[in-house]
Amino acid sequence: MTLAVFWGCTCIAFGPALGLCLVTVLRHPLRVIILVAGAFFWLVSLLLSSLVWFIAVKASDPGNKPLQKGLLIFGVLFSVLLQEAFRFLYYKLLRKAIEGLVALSEDGCSPISIQQMAYVAGLGFGLMSGAFSMINLLADALGPGTVGIHGDSQLYFLTSAFMTMVVIFLHTFWGILFFHGCETQRWWEMAAVVLTHLIVSGSTFWNPLYVGSLIPSYLLMFAMAAWAYVLSGGCTRNLLQRLQGQQSETSPQPGS
Amino acid sequence: MAAGRGAEAWLGGILLCALGCGVCWANSVERKIYIPLNRTAPCVRLLNATHQVGCQSSMNGDTGVIHVVEKDQDLNWVLADGPHPPYMVLLEGELFTRELMLRLKGTSRVSGLAVAISKPSPPRGFSPGLQCPNDGFGVYDSDYGPQYAHCNWTVWNPLGNGLSYEDFHFPIFLLEDANETQVIKQCYQDHNLPRNGSGPEYPLCAMQLFAHMHAVTNTVTCMRRNSIQSTFSLSPEVVCDPLSDSNVWSTLKPINASRKMDPADEVVIVATRIDSHSFFWNVAPGAESAVSSFVAHLAAAEALHKVPDALTLPRNIMFTFFQGETFDYIGSSRMVYDMERNKFPVRLENIHSFLELSQVALRNSSALWVHTDPVSGRNESVRPQVRALVETLLNSSLGVNVTLQEVSQSQPLPPSSFQRFLRARPIPGAVLADHRAAFQNRYYQSVYDTAENILMRYPEGLSPEETLDYVTDTAQSLAEVATVVARALYQLAGGTGNTSAIQADPRTVSRMLYGFLIKTNNSWFQSIIKQDLKGLLGDEPPQHYIAVSYPVNTTQLVQFVLANLTGTVVNFTKEECLNPERAPGADKEMYDYTWVQGSREPNSTSRVPFCVQSTVHLTKALSPAFELKEWGSTEYSTWTESRWKDIRARIFLVASKELEIITLVVGIAILVLSLLATYFINAKAHVLFSSPGDVAY
């Protein structure tokens, strides 16, 4: 669908992630390392889950459509569980890393906190997940044709871009929630992350009824965002104060 | 450690397998967007000394909205009314005429053309060749018979519209499969038809054709660029190749191919062409224009070899099959050039007479016409020999169902290889054809010159083996022509015996017609080729285009058939056959030895190979213009074919420009918004994330 659609979809899918990276990650080398390592962990989890799915598909009868659909659902389930398992593994690794950083530092304090690591790790997972979802489509978006000759919806590229954007956000917030759950031993937070991940991945089976996959995903994303905001130390009072502070510039703020 | 390495290797193997399989399938998103068209033939660019002809597309293909033109009025939408130019026209075969093509050529609203092959063939005939084929390269010019030059006396191909020799700036493809044509028409009807009076709405069905040609202007330019590339570049980018292949020749009495013939020896040459052409690349069924003549020639050769006193005839007979005659006589001009420079065993002085078979399958009420050259016929030394030759021919048709008649002696020769020999030296000769003046062939050098054109009809329900051996009327008629030719040649070579025993075998003719027009992968062809050449045989009708890489399938098949029909089986082992100098009694200089795979045993899958001794040779058929590096020559053929990288076609839907711009604007807005939001949140983070708790941010 030519260059206009290519750039449009790239910006929709990766615009927010690019903003987050540029502003918060790229100027801090330690965060860059954690970002890339997180992306790599997600990649390994995808590789292993795709191996399992591939073997299952090759071992089965390709003509049996319900079986293939069942195998796909099983594959998605297995992949989600494996991704979360790798997120846990990454948490363990980063915990160890913090001890090393503390030992290396001059003032006995780690230069990066586990909450910052959680955010960056989640962003890394999200970026790699988004790349794998979207790069394939973007390459075909460059050609002159659009989806539809076999009857599929014409909005395929747009909805895929929006879905990728929401998945990147979700992975970021899941990272914060999951690591917080691991830190404070609240297993129900980790279970919530796994459950919502399963719901979002499962909702994509509603496609091409894009309402069925996009709307639940965005609603869940806003819910996760709010939860992560609260867990990170933000609260609505500060938000309102900030907005009020903007309106009345003269009155000084009490020490905040 | 060993177990670990083993596991790694296993994992690596699986990964490689997965990658390999991924590469084999098309990308699944690509499959959602594009439908590739697999059974198509492109029109490519050919160049000669002064012009470029054919078609050209842009570097990354030409895209256009499909419009189906089934009658003349539909063309107005493309040329004037349609709101979404440029258009890709899908044309019915009958409308593919010169007038329509010139109208399309003059507009910029057309980005390409797809022609659906017309079944049955257009009833009024169709020929994209010239009205005067090979004009300027025959014998008639301003010095030699000026009244006959440029078809002033007889127009040989009146139906010729010259489309193959026009230059188009958009790609043109032939759709060979009716199912694919139906898919395209269905897509057009679903998306491109105007609804409720207003114009058609997006998304629209479109087609993209890739056929970018590298060569431009003419042969002089492209050969110059080739030589610059070869001289200065480590990996030269050649832009065009000369059309070339090999001529096949064989003699009745074996001669030493490496030494020159004695000047006292005389040879009677019988010649046919083995190639054809059409508007589209590598589509050249050539049934009437080439196959009929060389099949009759092969049958005559077989009949002559069976004559008991063949090896004691006073004169030798040379059976010659010229390749590239369609393109200004490439094969025959090269042979004459070699003969003049003593590079060929036979010299021009050795030629006693020349007999050529032109198109011979469409005989009207069993008439076969003898054409002779009027100018050399007035030459006092040649005239009596020409008369004797014609007499011999007319005598040979007694007792055969062929009525040989001579055309008016003031009519020039039709386009034939004999004209190139006459250019060098006045030789007595004649051309046999089924037409008196204009061609009987209404599909000369087109895609419709197929088995149906020469009325080859088989009854229903025959198996491939039965079809191979079934003698059609066409085969019978060609066998009769071959009988006449064989008898005439016997007498011309000085034979004095009774000629009524010389008969061409209709069964051989029908097998050859089946093999060269319908399917090369039949049991007979399989048994006469070498073992390592199985790729030569296919299930589709063979195409007889000269191409640029040699040898082409047609040349090789003619070589093997000629060896089988005129050679003898000798009792050598495989080692001796492949290395004749080690075999007792083999004469490598006089004969050629081929190890063929033989026929299949009944109730078995193995074949019984054997060694064939024959006098069949190949000689290069590359125009002398390329040997002499005279790329602008007007004396020799200078045809070249452009090179290309990618030729394919596909259809898909295109979206409106508005939707694309909206996507871009939304994307840029989201990018800018998110950058701003992130910047501000980060700047005010100490305010937003300040609540006391177990957070150190």
# chains A, B, ... in the order shown; residues from 1 in each chain; ligands from 1
call {"tool": "select_by_dssp", "arguments": {"residues": "range 237-421 of chain B", "states": "alpha helix (DSSP H)", "output": "PyMOL selection string"}}
result
chain B and resi 292-305+330-340+374-377+383-396+418-421
call {"tool": "write_last_selection", "arguments": {"atoms": "N, CA and C atoms", "output": "short mmCIF file (atom, residue, chain, number, x, y, z; two decimals), in the first residue's frame"}}
result
data_model
loop_
_atom_site.label_atom_id
_atom_site.label_comp_id
_atom_site.auth_asym_id
_atom_site.auth_seq_id
_atom_site.Cartn_x
_atom_site.Cartn_y
_atom_site.Cartn_z
N SER B 292 5.81 -28.58 -40.27
CA SER B 292 5.36 -29.40 -41.39
C SER B 292 6.50 -29.63 -42.36
N SER B 293 7.29 -28.61 -42.61
CA SER B 293 8.35 -28.76 -43.60
C SER B 293 9.47 -29.65 -43.09
N PHE B 294 9.88 -29.47 -41.84
CA PHE B 294 11.01 -30.31 -41.45
C PHE B 294 10.59 -31.74 -41.14
N VAL B 295 9.34 -31.96 -40.81
CA VAL B 295 8.89 -33.36 -40.63
C VAL B 295 8.87 -34.08 -41.98
N ALA B 296 8.39 -33.39 -43.03
CA ALA B 296 8.42 -34.01 -44.35
C ALA B 296 9.86 -34.27 -44.78
N HIS B 297 10.74 -33.34 -44.47
CA HIS B 297 12.16 -33.48 -44.80
C HIS B 297 12.75 -34.70 -44.11
N LEU B 298 12.45 -34.86 -42.81
CA LEU B 298 12.98 -36.01 -42.06
C LEU B 298 12.45 -37.31 -42.64
N ALA B 299 11.19 -37.33 -43.02
CA ALA B 299 10.63 -38.56 -43.60
C ALA B 299 11.28 -38.89 -44.93
N ALA B 300 11.57 -37.86 -45.73
CA ALA B 300 12.26 -38.09 -47.00
C ALA B 300 13.66 -38.64 -46.76
N ALA B 301 14.33 -38.13 -45.73
CA ALA B 301 15.68 -38.62 -45.42
C ALA B 301 15.63 -40.09 -45.04
N GLU B 302 14.62 -40.45 -44.25
CA GLU B 302 14.50 -41.86 -43.86
C GLU B 302 14.27 -42.74 -45.09
N ALA B 303 13.38 -42.26 -45.99
CA ALA B 303 13.07 -43.06 -47.18
C ALA B 303 14.30 -43.24 -48.05
N LEU B 304 15.12 -42.18 -48.17
CA LEU B 304 16.30 -42.28 -49.02
C LEU B 304 17.34 -43.23 -48.46
N HIS B 305 17.46 -43.24 -47.12
CA HIS B 305 18.46 -44.13 -46.54
C HIS B 305 18.09 -45.59 -46.71
N ILE B 330 19.37 -16.30 -40.24
CA ILE B 330 20.61 -16.44 -39.45
C ILE B 330 21.37 -17.71 -39.87
N GLY B 331 20.69 -18.86 -39.88
CA GLY B 331 21.37 -20.13 -40.13
C GLY B 331 21.92 -20.25 -41.53
N SER B 332 21.11 -19.90 -42.52
CA SER B 332 21.57 -20.09 -43.89
C SER B 332 22.64 -19.06 -44.25
N SER B 333 22.53 -17.83 -43.75
CA SER B 333 23.57 -16.85 -44.06
C SER B 333 24.90 -17.28 -43.44
N ARG B 334 24.83 -17.91 -42.24
CA ARG B 334 26.07 -18.36 -41.63
C ARG B 334 26.68 -19.51 -42.41
N MET B 335 25.85 -20.41 -42.92
CA MET B 335 26.38 -21.55 -43.67
C MET B 335 27.02 -21.08 -44.98
N VAL B 336 26.38 -20.13 -45.65
CA VAL B 336 26.96 -19.60 -46.89
C VAL B 336 28.28 -18.90 -46.57
N TYR B 337 28.32 -18.16 -45.48
CA TYR B 337 29.55 -17.47 -45.08
C TYR B 337 30.67 -18.48 -44.82
N ASP B 338 30.33 -19.57 -44.11
CA ASP B 338 31.35 -20.60 -43.84
C ASP B 338 31.79 -21.28 -45.12
N MET B 339 30.85 -21.51 -46.03
CA MET B 339 31.21 -22.15 -47.29
C MET B 339 32.14 -21.26 -48.09
N GLU B 340 31.87 -19.93 -48.07
CA GLU B 340 32.71 -19.02 -48.84
C GLU B 340 34.12 -18.95 -48.29
N PRO B 374 13.20 -16.24 -61.06
CA PRO B 374 13.11 -15.79 -62.45
C PRO B 374 14.41 -15.18 -62.96
N VAL B 375 15.18 -14.54 -62.07
CA VAL B 375 16.38 -13.84 -62.54
C VAL B 375 17.45 -14.84 -62.95
N SER B 376 17.72 -15.84 -62.11
CA SER B 376 18.74 -16.82 -62.52
C SER B 376 18.19 -17.74 -63.58
N GLY B 377 16.83 -17.78 -63.66
CA GLY B 377 16.25 -18.58 -64.73
C GLY B 377 16.52 -17.98 -66.11
N ARG B 383 19.87 -21.84 -66.67
CA ARG B 383 18.51 -22.12 -67.10
C ARG B 383 18.25 -23.60 -67.42
N PRO B 384 19.09 -24.25 -68.24
CA PRO B 384 18.78 -25.66 -68.54
C PRO B 384 18.77 -26.53 -67.29
N GLN B 385 19.65 -26.24 -66.33
CA GLN B 385 19.67 -27.05 -65.11
C GLN B 385 18.39 -26.84 -64.30
N VAL B 386 17.91 -25.59 -64.27
CA VAL B 386 16.67 -25.33 -63.56
C VAL B 386 15.52 -26.09 -64.23
N ARG B 387 15.52 -26.05 -65.56
CA ARG B 387 14.45 -26.76 -66.27
C ARG B 387 14.50 -28.25 -65.97
N ALA B 388 15.73 -28.81 -65.98
CA ALA B 388 15.87 -30.25 -65.70
C ALA B 388 15.39 -30.56 -64.29
N LEU B 389 15.70 -29.66 -63.38
CA LEU B 389 15.29 -29.86 -61.99
C LEU B 389 13.77 -29.89 -61.89
N VAL B 390 13.13 -28.93 -62.54
CA VAL B 390 11.67 -28.88 -62.47
C VAL B 390 11.06 -30.12 -63.12
N GLU B 391 11.66 -30.56 -64.25
CA GLU B 391 11.18 -31.78 -64.90
C GLU B 391 11.25 -32.98 -63.97
N THR B 392 12.40 -33.10 -63.29
CA THR B 392 12.55 -34.22 -62.35
C THR B 392 11.48 -34.18 -61.29
N LEU B 393 11.23 -32.99 -60.79
CA LEU B 393 10.21 -32.86 -59.75
C LEU B 393 8.85 -33.28 -60.26
N LEU B 394 8.51 -32.79 -61.44
CA LEU B 394 7.18 -33.11 -61.96
C LEU B 394 7.05 -34.61 -62.22
N ASN B 395 8.14 -35.25 -62.67
CA ASN B 395 8.08 -36.70 -62.89
C ASN B 395 7.92 -37.46 -61.59
N SER B 396 8.48 -36.94 -60.52
CA SER B 396 8.45 -37.70 -59.27
C SER B 396 7.06 -37.77 -58.67
N PHE B 418 16.99 -20.56 -49.67
CA PHE B 418 17.62 -20.66 -50.99
C PHE B 418 18.07 -19.28 -51.46
N GLN B 419 17.33 -18.23 -51.06
CA GLN B 419 17.68 -16.89 -51.50
C GLN B 419 19.07 -16.50 -51.02
N ARG B 420 19.49 -16.95 -49.84
CA ARG B 420 20.82 -16.60 -49.34
C ARG B 420 21.89 -17.29 -50.18
N PHE B 421 21.61 -18.51 -50.65
CA PHE B 421 22.59 -19.19 -51.49
C PHE B 421 22.70 -18.51 -52.84
#
call {"tool": "interface_residues", "arguments": {"of": "chain B", "to": "chain A", "cutoff": "9 Å", "atoms": "only C-alpha atoms", "output": "PyMOL selection string"}}
result
chain B and resi 14-15+18+27+29-30+32-35+63+187+203+205-206+208+651-655+659-679+682+684+686-697
call {"tool": "closest_residue", "arguments": {"among": "A:Leu170, A:Ala118, A:Leu67, A:Ile73", "to": "Leu94 in chain A", "atoms": "only C-alpha atoms"}}
result
A:Ala118
call {"tool": "residues_around", "arguments": {"residues": "range 70-76 of chain B", "least_positions_apart": "2", "cutoff": "12 Å", "atoms": "only C-alpha atoms", "output": "PyMOL selection string"}}
result
chain B and resi 67-68+78-83+87-97+99-101+103-104+107+109-110+115-116+118+185+193
call {"tool": "write_last_selection", "arguments": {"atoms": "C-alpha atoms", "output": "CSV table (one decimal), in the first residue's frame"}}
result
chain,number,residue,atom,x,y,z
B,67,HIS,CA,-10.4,-2.9,-17.3
B,68,VAL,CA,-11.8,-5.7,-19.4
B,78,VAL,CA,-9.8,3.4,-21.0
B,79,LEU,CA,-8.9,6.2,-23.4
B,80,ALA,CA,-11.2,9.0,-22.2
B,81,ASP,CA,-13.9,8.3,-19.7
B,82,GLY,CA,-12.4,6.3,-16.9
B,83,PRO,CA,-11.6,8.3,-13.7
B,87,TYR,CA,-5.5,1.3,-16.8
B,88,MET,CA,-4.3,-2.2,-17.3
B,89,VAL,CA,-6.3,-3.5,-20.3
B,90,LEU,CA,-7.5,-7.1,-20.4
B,91,LEU,CA,-8.1,-7.8,-24.1
B,92,GLU,CA,-10.0,-10.6,-25.8
B,93,GLY,CA,-7.9,-12.3,-28.4
B,94,GLU,CA,-10.0,-11.3,-31.4
B,95,LEU,CA,-9.7,-7.6,-30.6
B,96,PHE,CA,-5.9,-7.8,-30.7
B,97,THR,CA,-5.5,-5.9,-34.0
B,99,GLU,CA,-5.7,-0.4,-35.1
B,100,LEU,CA,-6.4,-1.0,-31.5
B,101,MET,CA,-2.8,-1.4,-30.6
B,103,ARG,CA,-4.7,3.6,-30.4
B,104,LEU,CA,-3.3,2.2,-27.1
B,107,THR,CA,-2.2,7.3,-25.1
B,109,ARG,CA,-3.6,6.3,-19.9
B,110,VAL,CA,-2.6,2.7,-20.5
B,115,VAL,CA,-4.2,-10.6,-24.0
B,116,ALA,CA,-6.4,-13.6,-23.3
B,118,SER,CA,-8.6,-16.7,-28.2
B,185,LYS,CA,-12.5,-11.1,-14.8
B,193,LEU,CA,-17.8,-2.0,-12.4
call {"tool": "residues_around", "arguments": {"residues": "range 189-200 of chain A", "least_positions_apart": "4", "cutoff": "8 Å", "atoms": "only C-alpha atoms", "output": "number ranges by chain"}}
result
A: 77, 80-81, 84, 174, 177-178, 180-182, 204, 213, 216-217, 220
call {"tool": "residues_around", "arguments": {"residues": "Val400 in chain B", "least_positions_apart": "3", "cutoff": "8 Å", "atoms": "only C-alpha atoms", "output": "PyMOL selection string"}}
result
chain B and resi 397+480+483-484
call {"tool": "write_last_selection", "arguments": {"atoms": "N, CA and C atoms", "output": "PDB file, in the first residue's frame"}}
result
ATOM      1  N   SER B 397       6.158 -36.904 -59.126  1.00  0.00           N
ATOM      2  CA  SER B 397       4.842 -36.919 -58.507  1.00  0.00           C
ATOM      3  C   SER B 397       3.893 -37.896 -59.179  1.00  0.00           C
ATOM      4  N   GLU B 480       3.079 -38.075 -48.336  1.00  0.00           N
ATOM      5  CA  GLU B 480       3.091 -38.042 -49.798  1.00  0.00           C
ATOM      6  C   GLU B 480       4.065 -37.005 -50.313  1.00  0.00           C
ATOM      7  N   THR B 483       7.457 -38.408 -50.014  1.00  0.00           N
ATOM      8  CA  THR B 483       7.740 -39.398 -51.061  1.00  0.00           C
ATOM      9  C   THR B 483       8.183 -38.703 -52.342  1.00  0.00           C
ATOM     10  N   VAL B 484       7.466 -37.637 -52.716  1.00  0.00           N
ATOM     11  CA  VAL B 484       7.825 -36.905 -53.938  1.00  0.00           C
ATOM     12  C   VAL B 484       9.230 -36.345 -53.811  1.00  0.00           C
TER      13      VAL B 484
END
call {"tool": "residues_around", "arguments": {"residues": "range 514-527 of chain B", "least_positions_apart": "4", "cutoff": "8 Å", "atoms": "only C-alpha atoms", "output": "PyMOL selection string"}}
result
chain B and resi 285+287+291+450-451+464-465+467-468+510+534+537-542+557+561+596-600
call {"tool": "residues_around", "arguments": {"residues": "Cys109 in chain A", "least_positions_apart": "6", "cutoff": "10 Å", "atoms": "only C-alpha atoms", "output": "list of chain:residue names"}}
result
A:Ile98, A:Glu99, A:Leu101, A:Val102, A:Ala103
call {"tool": "atom_distance", "arguments": {"atom1": "CA of Val382 in chain B", "atom2": "CA of Pro428 in chain B"}}
result
6.0 Å
call {"tool": "atom_distance", "arguments": {"atom1": "CA of Pro111 in chain A", "atom2": "CA of Gly124 in chain A"}}
result
19.3 Å
call {"tool": "closest_residue", "arguments": {"among": "A:Leu35, A:Leu71, A:Leu209, A:Ala228", "to": "Ser153 in chain A", "atoms": "only C-alpha atoms"}}
result
A:Leu209
